[in-house]
$ cat input-v1.pdb   # PDB, C-alpha atoms, pLDDT in the B column
MODEL        1
ATOM      1  CA  GLN A   1       0.000   0.000   0.000  1.00 76.00           C
ATOM      2  CA  GLU A   2       2.835   2.402   0.774  1.00 91.00           C
ATOM      3  CA  VAL A   3       4.142   2.136  -2.790  1.00 93.00           C
ATOM      4  CA  ALA A   4       0.806   3.067  -4.376  1.00 95.00           C
ATOM      5  CA  THR A   5       0.134   5.802  -1.834  1.00 95.00           C
ATOM      6  CA  THR A   6       3.542   7.377  -2.419  1.00 96.00           C
ATOM      7  CA  ALA A   7       3.012   7.410  -6.187  1.00 96.00           C
ATOM      8  CA  TRP A   8      -0.478   8.866  -5.747  1.00 95.00           C
ATOM      9  CA  ALA A   9       0.758  11.591  -3.362  1.00 96.00           C
ATOM     10  CA  PHE A  10       3.552  12.779  -5.633  1.00 96.00           C
ATOM     11  CA  ALA A  11       1.237  12.797  -8.658  1.00 96.00           C
ATOM     12  CA  THR A  12      -1.465  14.662  -6.738  1.00 95.00           C
ATOM     13  CA  LEU A  13       1.084  17.335  -5.867  1.00 96.00           C
ATOM     14  CA  GLY A  14       2.404  17.347  -9.434  1.00 95.00           C
ATOM     15  CA  ILE A  15       5.924  16.468  -8.360  1.00 95.00           C
ATOM     16  CA  PRO A  16       7.820  14.488 -10.973  1.00 91.00           C
ATOM     17  CA  ALA A  17      10.482  12.490  -9.201  1.00 94.00           C
ATOM     18  CA  PRO A  18      12.145  10.239 -11.796  1.00 94.00           C
ATOM     19  CA  GLN A  19      14.391   8.337  -9.391  1.00 96.00           C
ATOM     20  CA  LEU A  20      11.539   7.758  -6.975  1.00 96.00           C
ATOM     21  CA  PHE A  21       9.213   6.602  -9.742  1.00 96.00           C
ATOM     22  CA  ASN A  22      11.880   4.238 -11.087  1.00 96.00           C
ATOM     23  CA  ALA A  23      12.052   2.723  -7.599  1.00 96.00           C
ATOM     24  CA  ILE A  24       8.240   2.582  -7.464  1.00 96.00           C
ATOM     25  CA  VAL A  25       8.229   0.671 -10.756  1.00 96.00           C
ATOM     26  CA  ARG A  26      10.678  -1.897  -9.371  1.00 95.00           C
ATOM     27  CA  GLU A  27       8.782  -2.321  -6.092  1.00 95.00           C
ATOM     28  CA  SER A  28       5.365  -2.365  -7.743  1.00 94.00           C
ATOM     29  CA  GLU A  29       6.394  -5.063 -10.176  1.00 91.00           C
ATOM     30  CA  LYS A  30       7.523  -7.195  -7.201  1.00 94.00           C
ATOM     31  CA  ARG A  31       4.377  -6.548  -5.140  1.00 95.00           C
ATOM     32  CA  ILE A  32       1.700  -6.154  -7.817  1.00 96.00           C
ATOM     33  CA  GLY A  33       0.177  -9.507  -6.921  1.00 95.00           C
ATOM     34  CA  SER A  34      -0.819  -8.149  -3.526  1.00 96.00           C
ATOM     35  CA  PHE A  35      -2.216  -4.808  -4.734  1.00 97.00           C
ATOM     36  CA  ASN A  36      -5.933  -4.290  -4.217  1.00 97.00           C
ATOM     37  CA  PRO A  37      -8.063  -2.491  -6.852  1.00 98.00           C
ATOM     38  CA  GLN A  38      -7.530   0.933  -5.263  1.00 97.00           C
ATOM     39  CA  GLU A  39      -3.761   0.463  -5.248  1.00 97.00           C
ATOM     40  CA  LEU A  40      -3.787  -0.703  -8.862  1.00 97.00           C
ATOM     41  CA  ALA A  41      -5.929   2.258  -9.916  1.00 97.00           C
ATOM     42  CA  ASN A  42      -3.917   4.786  -7.910  1.00 97.00           C
ATOM     43  CA  THR A  43      -0.612   3.528  -9.280  1.00 97.00           C
ATOM     44  CA  ALA A  44      -1.824   3.649 -12.883  1.00 96.00           C
ATOM     45  CA  TRP A  45      -3.361   7.085 -12.305  1.00 97.00           C
ATOM     46  CA  ALA A  46      -0.168   8.458 -10.768  1.00 97.00           C
ATOM     47  CA  PHE A  47       2.064   7.361 -13.637  1.00 96.00           C
ATOM     48  CA  ALA A  48      -0.389   8.635 -16.252  1.00 96.00           C
ATOM     49  CA  THR A  49      -0.888  11.938 -14.439  1.00 96.00           C
ATOM     50  CA  LEU A  50       2.830  12.661 -14.388  1.00 96.00           C
ATOM     51  CA  GLY A  51       3.390  11.274 -17.883  1.00 94.00           C
ATOM     52  CA  THR A  52       5.931   8.814 -16.543  1.00 93.00           C
ATOM     53  CA  PRO A  53       6.494   5.987 -19.029  1.00 90.00           C
ATOM     54  CA  ALA A  54       6.353   2.535 -17.488  1.00 93.00           C
ATOM     55  CA  PRO A  55       5.113   0.056 -20.118  1.00 92.00           C
ATOM     56  CA  GLN A  56       6.064  -3.068 -18.170  1.00 92.00           C
ATOM     57  CA  LEU A  57       4.343  -1.736 -15.066  1.00 94.00           C
ATOM     58  CA  PHE A  58       1.176  -1.010 -17.057  1.00 94.00           C
ATOM     59  CA  ASP A  59       1.273  -4.536 -18.450  1.00 92.00           C
ATOM     60  CA  ALA A  60       1.538  -5.844 -14.881  1.00 94.00           C
ATOM     61  CA  ILE A  61      -1.285  -3.548 -13.727  1.00 95.00           C
ATOM     62  CA  ALA A  62      -3.482  -4.767 -16.590  1.00 94.00           C
ATOM     63  CA  HIS A  63      -2.817  -8.409 -15.728  1.00 94.00           C
ATOM     64  CA  ALA A  64      -3.390  -7.915 -11.990  1.00 95.00           C
ATOM     65  CA  SER A  65      -6.523  -5.856 -12.675  1.00 95.00           C
ATOM     66  CA  GLU A  66      -7.954  -8.585 -14.891  1.00 94.00           C
ATOM     67  CA  GLN A  67      -7.582 -10.988 -11.956  1.00 95.00           C
ATOM     68  CA  ARG A  68      -9.452  -8.629  -9.593  1.00 96.00           C
ATOM     69  CA  ILE A  69     -11.812  -6.832 -11.976  1.00 97.00           C
ATOM     70  CA  GLY A  70     -14.903  -8.060 -10.121  1.00 97.00           C
ATOM     71  CA  ASN A  71     -13.747  -6.133  -7.045  1.00 98.00           C
ATOM     72  CA  PHE A  72     -13.280  -2.772  -8.789  1.00 98.00           C
ATOM     73  CA  ASN A  73     -15.756  -0.061  -7.875  1.00 98.00           C
ATOM     74  CA  ALA A  74     -16.797   2.703 -10.291  1.00 98.00           C
ATOM     75  CA  GLN A  75     -14.064   5.138  -9.220  1.00 98.00           C
ATOM     76  CA  GLU A  76     -11.298   2.544  -9.455  1.00 98.00           C
ATOM     77  CA  LEU A  77     -12.525   1.345 -12.837  1.00 97.00           C
ATOM     78  CA  ALA A  78     -12.825   4.883 -14.214  1.00 97.00           C
ATOM     79  CA  ASN A  79      -9.408   5.987 -12.941  1.00 97.00           C
ATOM     80  CA  THR A  80      -7.769   2.885 -14.384  1.00 96.00           C
ATOM     81  CA  ALA A  81      -9.559   3.424 -17.700  1.00 94.00           C
ATOM     82  CA  TRP A  82      -8.373   7.035 -17.833  1.00 95.00           C
ATOM     83  CA  ALA A  83      -4.777   6.037 -17.084  1.00 95.00           C
ATOM     84  CA  PHE A  84      -4.791   3.433 -19.858  1.00 93.00           C
ATOM     85  CA  ALA A  85      -6.271   6.008 -22.253  1.00 91.00           C
ATOM     86  CA  ILE A  86      -3.431   8.417 -21.478  1.00 91.00           C
ATOM     87  CA  VAL A  87      -0.433   6.083 -21.643  1.00 89.00           C
ATOM     88  CA  ASP A  88       0.874   4.435 -24.756  1.00 74.00           C
ATOM     89  CA  THR A  89       0.751   0.709 -24.087  1.00 72.00           C
ATOM     90  CA  ALA A  90       1.524  -1.947 -26.648  1.00 60.00           C
ATOM     91  CA  ASP A  91      -1.707  -3.911 -26.432  1.00 68.00           C
ATOM     92  CA  ARG A  92      -4.672  -2.766 -24.401  1.00 77.00           C
ATOM     93  CA  GLY A  93      -7.186  -4.869 -26.303  1.00 79.00           C
ATOM     94  CA  ALA A  94      -7.676  -7.777 -23.897  1.00 84.00           C
ATOM     95  CA  PHE A  95      -7.678  -5.533 -20.849  1.00 88.00           C
ATOM     96  CA  VAL A  96     -10.170  -3.127 -22.398  1.00 89.00           C
ATOM     97  CA  LYS A  97     -12.548  -6.027 -23.067  1.00 90.00           C
ATOM     98  CA  VAL A  98     -12.355  -7.111 -19.415  1.00 93.00           C
ATOM     99  CA  LEU A  99     -12.798  -3.539 -18.223  1.00 93.00           C
ATOM    100  CA  SER A 100     -15.746  -3.025 -20.592  1.00 92.00           C
ATOM    101  CA  ALA A 101     -17.433  -6.187 -19.367  1.00 94.00           C
ATOM    102  CA  ARG A 102     -17.087  -5.028 -15.745  1.00 96.00           C
ATOM    103  CA  ALA A 103     -18.481  -1.585 -16.597  1.00 95.00           C
ATOM    104  CA  ALA A 104     -21.450  -3.198 -18.382  1.00 94.00           C
ATOM    105  CA  GLU A 105     -22.017  -5.493 -15.416  1.00 96.00           C
ATOM    106  CA  MET A 106     -22.074  -2.495 -13.070  1.00 97.00           C
ATOM    107  CA  GLY A 107     -24.417  -0.535 -15.328  1.00 95.00           C
ATOM    108  CA  LEU A 108     -24.226   3.059 -16.474  1.00 92.00           C
ATOM    109  CA  ALA A 109     -26.000   4.329 -13.361  1.00 96.00           C
ATOM    110  CA  ALA A 110     -23.019   3.250 -11.226  1.00 97.00           C
ATOM    111  CA  PHE A 111     -20.835   5.910 -12.866  1.00 97.00           C
ATOM    112  CA  ASN A 112     -21.024   9.670 -12.419  1.00 98.00           C
ATOM    113  CA  GLY A 113     -20.423  12.056 -15.325  1.00 97.00           C
ATOM    114  CA  GLU A 114     -16.663  12.348 -14.859  1.00 97.00           C
ATOM    115  CA  GLN A 115     -16.286   8.585 -14.518  1.00 97.00           C
ATOM    116  CA  ARG A 116     -18.282   8.076 -17.726  1.00 96.00           C
ATOM    117  CA  ARG A 117     -15.978  10.503 -19.522  1.00 96.00           C
ATOM    118  CA  HIS A 118     -12.948   8.520 -18.316  1.00 95.00           C
ATOM    119  CA  LEU A 119     -14.425   5.311 -19.700  1.00 95.00           C
ATOM    120  CA  HIS A 120     -15.341   7.021 -22.955  1.00 93.00           C
ATOM    121  CA  GLN A 121     -11.813   8.395 -23.296  1.00 92.00           C
ATOM    122  CA  LEU A 122     -10.374   4.886 -23.112  1.00 91.00           C
ATOM    123  CA  PHE A 123     -12.848   3.476 -25.618  1.00 89.00           C
ATOM    124  CA  LEU A 124     -12.206   6.387 -27.986  1.00 88.00           C
ATOM    125  CA  SER A 125      -8.417   6.025 -27.745  1.00 86.00           C
ATOM    126  CA  VAL A 126      -8.659   2.309 -28.536  1.00 84.00           C
ATOM    127  CA  GLU A 127     -10.908   3.077 -31.516  1.00 82.00           C
ATOM    128  CA  LEU A 128      -8.504   5.735 -32.776  1.00 80.00           C
ATOM    129  CA  ASP A 129      -5.589   3.327 -32.426  1.00 78.00           C
ATOM    130  CA  ALA A 130      -7.468   0.800 -34.555  1.00 79.00           C
ATOM    131  CA  ASN A 131      -8.839   3.310 -37.083  1.00 78.00           C
ATOM    132  CA  PRO A 132      -6.700   6.454 -37.139  1.00 75.00           C
ATOM    133  CA  PRO A 133      -8.329   9.412 -38.879  1.00 76.00           C
ATOM    134  CA  THR A 134      -5.700   9.729 -41.621  1.00 76.00           C
ATOM    135  CA  GLU A 135      -7.374  12.789 -43.132  1.00 74.00           C
ATOM    136  CA  LEU A 136      -6.795  14.666 -39.876  1.00 66.00           C
ATOM    137  CA  LEU A 137      -3.217  13.466 -39.483  1.00 63.00           C
ATOM    138  CA  ALA A 138      -2.085  14.207 -43.060  1.00 67.00           C
ATOM    139  CA  PRO A 139      -1.234  17.899 -42.467  1.00 61.00           C
ATOM    140  CA  ILE A 140       0.864  17.090 -39.384  1.00 57.00           C
TER     141      ILE A 140
ENDMDL
END

$ encode --input "input-v1.pdb" --output "structure tokens"
Amino acid sequence: QEVATTAWAFATLGIPAPQLFNAIVRESEKRIGSFNPQELANTAWAFATLGTPAPQLFDAIAHASEQRIGNFNAQELANTAWAFAIVDTADRGAFVKVLSARAAEMGLAAFNGEQRRHLHQLFLSVELDANPPTELLAPI
């Protein structure tokens, strides 16, 4: 819990601390199997908020989250969805399907407006990855 809380606190304060976050990656990857949904969500949120790349950690978070997805509440699910929308991960497909199934199981009424926007942002980013709007990207 201390690892996730430390990452969350630094991200909340907007303090990028590369050496600390490198250590958090190492510790999280060792302990990820014992993280609860809030710790998984907070860790993903912290790294996404600070724009700290950690692809292996996000893979581990996705795997651990899939194992515990039935225990995620609306806030944890939405924060995790937002984090995965923000970071560039190699393959979100399987995790997004699990996350989508949990959101559907919970029902739309379980999510407030901001949480719905977080879910939508993930679904939109996955769609754009699969079908990039080439006409918009051509001038860039």

$ residues_near_point --input "input-v1.pdb" --point "(-19.6, -2.6, -15.2)" --cutoff "12 Å" --atoms "all atoms listed in the file" --output "JSON, numbers by chain"
{"A": [69, 70, 71, 72, 73, 74, 75, 76, 77, 78, 81, 96, 97, 98, 99, 100, 101, 102, 103, 104, 105, 106, 107, 108, 109, 110, 111, 115, 116, 119]}

$ closest_residue --input "input-v1.pdb" --among "A:Phe21, A:Pro133, A:Ile86, A:Phe95" --to "A:His118" --atoms "all atoms listed in the file"
A:Ile86

$ axis_aligned_box --input "input-v1.pdb" --around "stretch 82-92 of chain A" --padding-each-side "5 Å" --output "AutoDock Vina command-line options"
--center_x -3.4 --center_y 2.3 --center_z -21.9 --size_x 19.9 --size_y 22.3 --size_z 19.6

$ atom_distance --input "input-v1.pdb" --atom1 "atom CA of A:Asp129" --atom2 "atom CA of A:Ala64"
23.4 Å

$ closest_residue --input "input-v1.pdb" --among "A:His120, A:Pro53, A:Glu39, A:Ala44" --to "A:Pro18" --atoms "only C-alpha atoms"
A:Pro53

$ residues_around --input "input-v1.pdb" --residues "A:Glu2" --least-positions-apart "6" --cutoff "12 Å" --atoms "only C-alpha atoms" --output "list in words"
Trp8, Ala9, Ile24, Glu27, Ser28, Arg31, Ser34, Phe35, Glu39, Asn42 and Thr43 of chain A

$ closest_residue --input "input-v1.pdb" --among "A:Gln19, A:Asp88, A:Glu135, A:Gly33" --to "A:Ile61" --atoms "only C-alpha atoms"
A:Gly33

$ residues_around --input "input-v1.pdb" --residues "A:Ala46" --least-positions-apart "3" --cutoff "12 Å" --atoms "all atoms listed in the file" --output "PyMOL selection string"
chain A and resi 3-17+21+24-25+38-43+49-54+57-58+79-80+82-84+86-87

$ closest_residue --input "input-v1.pdb" --among "A:Gly113, A:Glu29, A:Ala85, A:Ala94" --to "A:Val126" --atoms "all atoms listed in the file"
A:Ala85

$ closest_residue --input "input-v1.pdb" --among "A:Gln67, A:Asn112, A:Thr89, A:Asn22" --to "A:Pro55" --atoms "only C-alpha atoms"
A:Thr89

$ atom_distance --input "input-v1.pdb" --atom1 "atom CA of A:Phe123" --atom2 "atom CA of A:Phe47"
19.5 Å

$ atom_distance --input "input-v1.pdb" --atom1 "atom CA of A:Pro37" --atom2 "atom CA of A:Arg68"
6.9 Å

$ decode --input "input-v1.pdb" --residues "stretch 50-96 of chain A" --atoms "N, CA and C atoms" --output "PDB file, in the first residue's frame"
ATOM      1  N   LEU A  50       1.521  12.031 -14.247  1.00  0.00           N
ATOM      2  CA  LEU A  50       2.830  12.661 -14.388  1.00  0.00           C
ATOM      3  C   LEU A  50       3.472  12.395 -15.752  1.00  0.00           C
ATOM      4  N   GLY A  51       2.826  11.587 -16.573  1.00  0.00           N
ATOM      5  CA  GLY A  51       3.390  11.274 -17.883  1.00  0.00           C
ATOM      6  C   GLY A  51       4.673  10.468 -17.789  1.00  0.00           C
ATOM      7  N   THR A  52       4.741   9.632 -16.771  1.00  0.00           N
ATOM      8  CA  THR A  52       5.931   8.814 -16.543  1.00  0.00           C
ATOM      9  C   THR A  52       5.785   7.491 -17.279  1.00  0.00           C
ATOM     10  N   PRO A  53       6.616   7.245 -18.284  1.00  0.00           N
ATOM     11  CA  PRO A  53       6.494   5.987 -19.029  1.00  0.00           C
ATOM     12  C   PRO A  53       6.900   4.785 -18.178  1.00  0.00           C
ATOM     13  N   ALA A  54       6.077   3.772 -18.230  1.00  0.00           N
ATOM     14  CA  ALA A  54       6.353   2.535 -17.488  1.00  0.00           C
ATOM     15  C   ALA A  54       5.578   1.400 -18.141  1.00  0.00           C
ATOM     16  N   PRO A  55       5.912   1.047 -19.392  1.00  0.00           N
ATOM     17  CA  PRO A  55       5.113   0.056 -20.118  1.00  0.00           C
ATOM     18  C   PRO A  55       5.021  -1.301 -19.434  1.00  0.00           C
ATOM     19  N   GLN A  56       6.115  -1.759 -18.847  1.00  0.00           N
ATOM     20  CA  GLN A  56       6.064  -3.068 -18.170  1.00  0.00           C
ATOM     21  C   GLN A  56       5.171  -3.007 -16.941  1.00  0.00           C
ATOM     22  N   LEU A  57       5.213  -1.894 -16.234  1.00  0.00           N
ATOM     23  CA  LEU A  57       4.343  -1.736 -15.066  1.00  0.00           C
ATOM     24  C   LEU A  57       2.881  -1.725 -15.500  1.00  0.00           C
ATOM     25  N   PHE A  58       2.561  -1.032 -16.587  1.00  0.00           N
ATOM     26  CA  PHE A  58       1.176  -1.010 -17.057  1.00  0.00           C
ATOM     27  C   PHE A  58       0.720  -2.384 -17.514  1.00  0.00           C
ATOM     28  N   ASP A  59       1.618  -3.153 -18.105  1.00  0.00           N
ATOM     29  CA  ASP A  59       1.273  -4.536 -18.450  1.00  0.00           C
ATOM     30  C   ASP A  59       0.951  -5.330 -17.187  1.00  0.00           C
ATOM     31  N   ALA A  60       1.764  -5.138 -16.148  1.00  0.00           N
ATOM     32  CA  ALA A  60       1.538  -5.844 -14.881  1.00  0.00           C
ATOM     33  C   ALA A  60       0.242  -5.381 -14.223  1.00  0.00           C
ATOM     34  N   ILE A  61      -0.031  -4.077 -14.285  1.00  0.00           N
ATOM     35  CA  ILE A  61      -1.285  -3.548 -13.727  1.00  0.00           C
ATOM     36  C   ILE A  61      -2.479  -4.135 -14.480  1.00  0.00           C
ATOM     37  N   ALA A  62      -2.382  -4.201 -15.798  1.00  0.00           N
ATOM     38  CA  ALA A  62      -3.482  -4.767 -16.590  1.00  0.00           C
ATOM     39  C   ALA A  62      -3.734  -6.212 -16.186  1.00  0.00           C
ATOM     40  N   HIS A  63      -2.672  -6.994 -16.086  1.00  0.00           N
ATOM     41  CA  HIS A  63      -2.817  -8.409 -15.728  1.00  0.00           C
ATOM     42  C   HIS A  63      -3.415  -8.556 -14.328  1.00  0.00           C
ATOM     43  N   ALA A  64      -2.880  -7.823 -13.366  1.00  0.00           N
ATOM     44  CA  ALA A  64      -3.390  -7.915 -11.990  1.00  0.00           C
ATOM     45  C   ALA A  64      -4.836  -7.423 -11.911  1.00  0.00           C
ATOM     46  N   SER A  65      -5.158  -6.381 -12.678  1.00  0.00           N
ATOM     47  CA  SER A  65      -6.523  -5.856 -12.675  1.00  0.00           C
ATOM     48  C   SER A  65      -7.506  -6.859 -13.253  1.00  0.00           C
ATOM     49  N   GLU A  66      -7.088  -7.557 -14.305  1.00  0.00           N
ATOM     50  CA  GLU A  66      -7.954  -8.585 -14.891  1.00  0.00           C
ATOM     51  C   GLU A  66      -8.311  -9.640 -13.850  1.00  0.00           C
ATOM     52  N   GLN A  67      -7.355  -9.971 -12.982  1.00  0.00           N
ATOM     53  CA  GLN A  67      -7.582 -10.988 -11.956  1.00  0.00           C
ATOM     54  C   GLN A  67      -8.555 -10.512 -10.871  1.00  0.00           C
ATOM     55  N   ARG A  68      -8.637  -9.192 -10.681  1.00  0.00           N
ATOM     56  CA  ARG A  68      -9.452  -8.629  -9.593  1.00  0.00           C
ATOM     57  C   ARG A  68     -10.604  -7.761 -10.089  1.00  0.00           C
ATOM     58  N   ILE A  69     -10.881  -7.787 -11.372  1.00  0.00           N
ATOM     59  CA  ILE A  69     -11.812  -6.832 -11.976  1.00  0.00           C
ATOM     60  C   ILE A  69     -13.183  -6.848 -11.301  1.00  0.00           C
ATOM     61  N   GLY A  70     -13.605  -7.980 -10.795  1.00  0.00           N
ATOM     62  CA  GLY A  70     -14.903  -8.060 -10.121  1.00  0.00           C
ATOM     63  C   GLY A  70     -14.959  -7.289  -8.823  1.00  0.00           C
ATOM     64  N   ASN A  71     -13.804  -6.889  -8.302  1.00  0.00           N
ATOM     65  CA  ASN A  71     -13.747  -6.133  -7.045  1.00  0.00           C
ATOM     66  C   ASN A  71     -13.587  -4.633  -7.258  1.00  0.00           C
ATOM     67  N   PHE A  72     -13.446  -4.195  -8.509  1.00  0.00           N
ATOM     68  CA  PHE A  72     -13.280  -2.772  -8.789  1.00  0.00           C
ATOM     69  C   PHE A  72     -14.604  -2.049  -8.622  1.00  0.00           C
ATOM     70  N   ASN A  73     -14.567  -0.904  -7.937  1.00  0.00           N
ATOM     71  CA  ASN A  73     -15.756  -0.061  -7.875  1.00  0.00           C
ATOM     72  C   ASN A  73     -15.705   0.937  -9.039  1.00  0.00           C
ATOM     73  N   ALA A  74     -16.703   1.783  -9.158  1.00  0.00           N
ATOM     74  CA  ALA A  74     -16.797   2.703 -10.291  1.00  0.00           C
ATOM     75  C   ALA A  74     -15.598   3.647 -10.359  1.00  0.00           C
ATOM     76  N   GLN A  75     -15.186   4.197  -9.231  1.00  0.00           N
ATOM     77  CA  GLN A  75     -14.064   5.138  -9.220  1.00  0.00           C
ATOM     78  C   GLN A  75     -12.763   4.452  -9.636  1.00  0.00           C
ATOM     79  N   GLU A  76     -12.518   3.281  -9.112  1.00  0.00           N
ATOM     80  CA  GLU A  76     -11.298   2.544  -9.455  1.00  0.00           C
ATOM     81  C   GLU A  76     -11.283   2.158 -10.933  1.00  0.00           C
ATOM     82  N   LEU A  77     -12.418   1.728 -11.426  1.00  0.00           N
ATOM     83  CA  LEU A  77     -12.525   1.345 -12.837  1.00  0.00           C
ATOM     84  C   LEU A  77     -12.304   2.561 -13.742  1.00  0.00           C
ATOM     85  N   ALA A  78     -12.941   3.672 -13.407  1.00  0.00           N
ATOM     86  CA  ALA A  78     -12.825   4.883 -14.214  1.00  0.00           C
ATOM     87  C   ALA A  78     -11.404   5.443 -14.192  1.00  0.00           C
ATOM     88  N   ASN A  79     -10.773   5.470 -13.025  1.00  0.00           N
ATOM     89  CA  ASN A  79      -9.408   5.987 -12.941  1.00  0.00           C
ATOM     90  C   ASN A  79      -8.434   5.105 -13.710  1.00  0.00           C
ATOM     91  N   THR A  80      -8.628   3.807 -13.639  1.00  0.00           N
ATOM     92  CA  THR A  80      -7.769   2.885 -14.384  1.00  0.00           C
ATOM     93  C   THR A  80      -7.997   3.060 -15.879  1.00  0.00           C
ATOM     94  N   ALA A  81      -9.242   3.203 -16.286  1.00  0.00           N
ATOM     95  CA  ALA A  81      -9.559   3.424 -17.700  1.00  0.00           C
ATOM     96  C   ALA A  81      -8.889   4.697 -18.199  1.00  0.00           C
ATOM     97  N   TRP A  82      -8.988   5.769 -17.438  1.00  0.00           N
ATOM     98  CA  TRP A  82      -8.373   7.035 -17.833  1.00  0.00           C
ATOM     99  C   TRP A  82      -6.860   6.881 -17.983  1.00  0.00           C
ATOM    100  N   ALA A  83      -6.229   6.216 -17.026  1.00  0.00           N
ATOM    101  CA  ALA A  83      -4.777   6.037 -17.084  1.00  0.00           C
ATOM    102  C   ALA A  83      -4.371   5.275 -18.337  1.00  0.00           C
ATOM    103  N   PHE A  84      -5.113   4.225 -18.672  1.00  0.00           N
ATOM    104  CA  PHE A  84      -4.791   3.433 -19.858  1.00  0.00           C
ATOM    105  C   PHE A  84      -5.112   4.193 -21.149  1.00  0.00           C
ATOM    106  N   ALA A  85      -6.008   5.165 -21.085  1.00  0.00           N
ATOM    107  CA  ALA A  85      -6.271   6.008 -22.253  1.00  0.00           C
ATOM    108  C   ALA A  85      -5.112   6.974 -22.482  1.00  0.00           C
ATOM    109  N   ILE A  86      -4.484   7.407 -21.412  1.00  0.00           N
ATOM    110  CA  ILE A  86      -3.431   8.417 -21.478  1.00  0.00           C
ATOM    111  C   ILE A  86      -2.091   7.828 -21.884  1.00  0.00           C
ATOM    112  N   VAL A  87      -1.753   6.663 -21.362  1.00  0.00           N
ATOM    113  CA  VAL A  87      -0.433   6.083 -21.643  1.00  0.00           C
ATOM    114  C   VAL A  87      -0.444   5.319 -22.955  1.00  0.00           C
ATOM    115  N   ASP A  88       0.724   5.180 -23.518  1.00  0.00           N
ATOM    116  CA  ASP A  88       0.874   4.435 -24.756  1.00  0.00           C
ATOM    117  C   ASP A  88       1.336   3.030 -24.403  1.00  0.00           C
ATOM    118  N   THR A  89       0.405   2.098 -24.386  1.00  0.00           N
ATOM    119  CA  THR A  89       0.751   0.709 -24.087  1.00  0.00           C
ATOM    120  C   THR A  89       0.644  -0.109 -25.361  1.00  0.00           C
ATOM    121  N   ALA A  90       1.437  -1.143 -25.427  1.00  0.00           N
ATOM    122  CA  ALA A  90       1.524  -1.947 -26.648  1.00  0.00           C
ATOM    123  C   ALA A  90       0.182  -2.565 -27.030  1.00  0.00           C
ATOM    124  N   ASP A  91      -0.467  -3.215 -26.099  1.00  0.00           N
ATOM    125  CA  ASP A  91      -1.707  -3.911 -26.432  1.00  0.00           C
ATOM    126  C   ASP A  91      -2.684  -3.808 -25.276  1.00  0.00           C
ATOM    127  N   ARG A  92      -3.655  -2.947 -25.433  1.00  0.00           N
ATOM    128  CA  ARG A  92      -4.672  -2.766 -24.401  1.00  0.00           C
ATOM    129  C   ARG A  92      -5.903  -3.602 -24.668  1.00  0.00           C
ATOM    130  N   GLY A  93      -5.967  -4.223 -25.843  1.00  0.00           N
ATOM    131  CA  GLY A  93      -7.186  -4.869 -26.303  1.00  0.00           C
ATOM    132  C   GLY A  93      -7.841  -5.810 -25.312  1.00  0.00           C
ATOM    133  N   ALA A  94      -7.100  -6.788 -24.812  1.00  0.00           N
ATOM    134  CA  ALA A  94      -7.676  -7.777 -23.897  1.00  0.00           C
ATOM    135  C   ALA A  94      -8.131  -7.112 -22.602  1.00  0.00           C
ATOM    136  N   PHE A  95      -7.322  -6.204 -22.094  1.00  0.00           N
ATOM    137  CA  PHE A  95      -7.678  -5.533 -20.849  1.00  0.00           C
ATOM    138  C   PHE A  95      -8.916  -4.664 -21.028  1.00  0.00           C
ATOM    139  N   VAL A  96      -9.005  -3.980 -22.142  1.00  0.00           N
ATOM    140  CA  VAL A  96     -10.170  -3.127 -22.398  1.00  0.00           C
ATOM    141  C   VAL A  96     -11.446  -3.964 -22.456  1.00  0.00           C
TER     142      VAL A  96
END
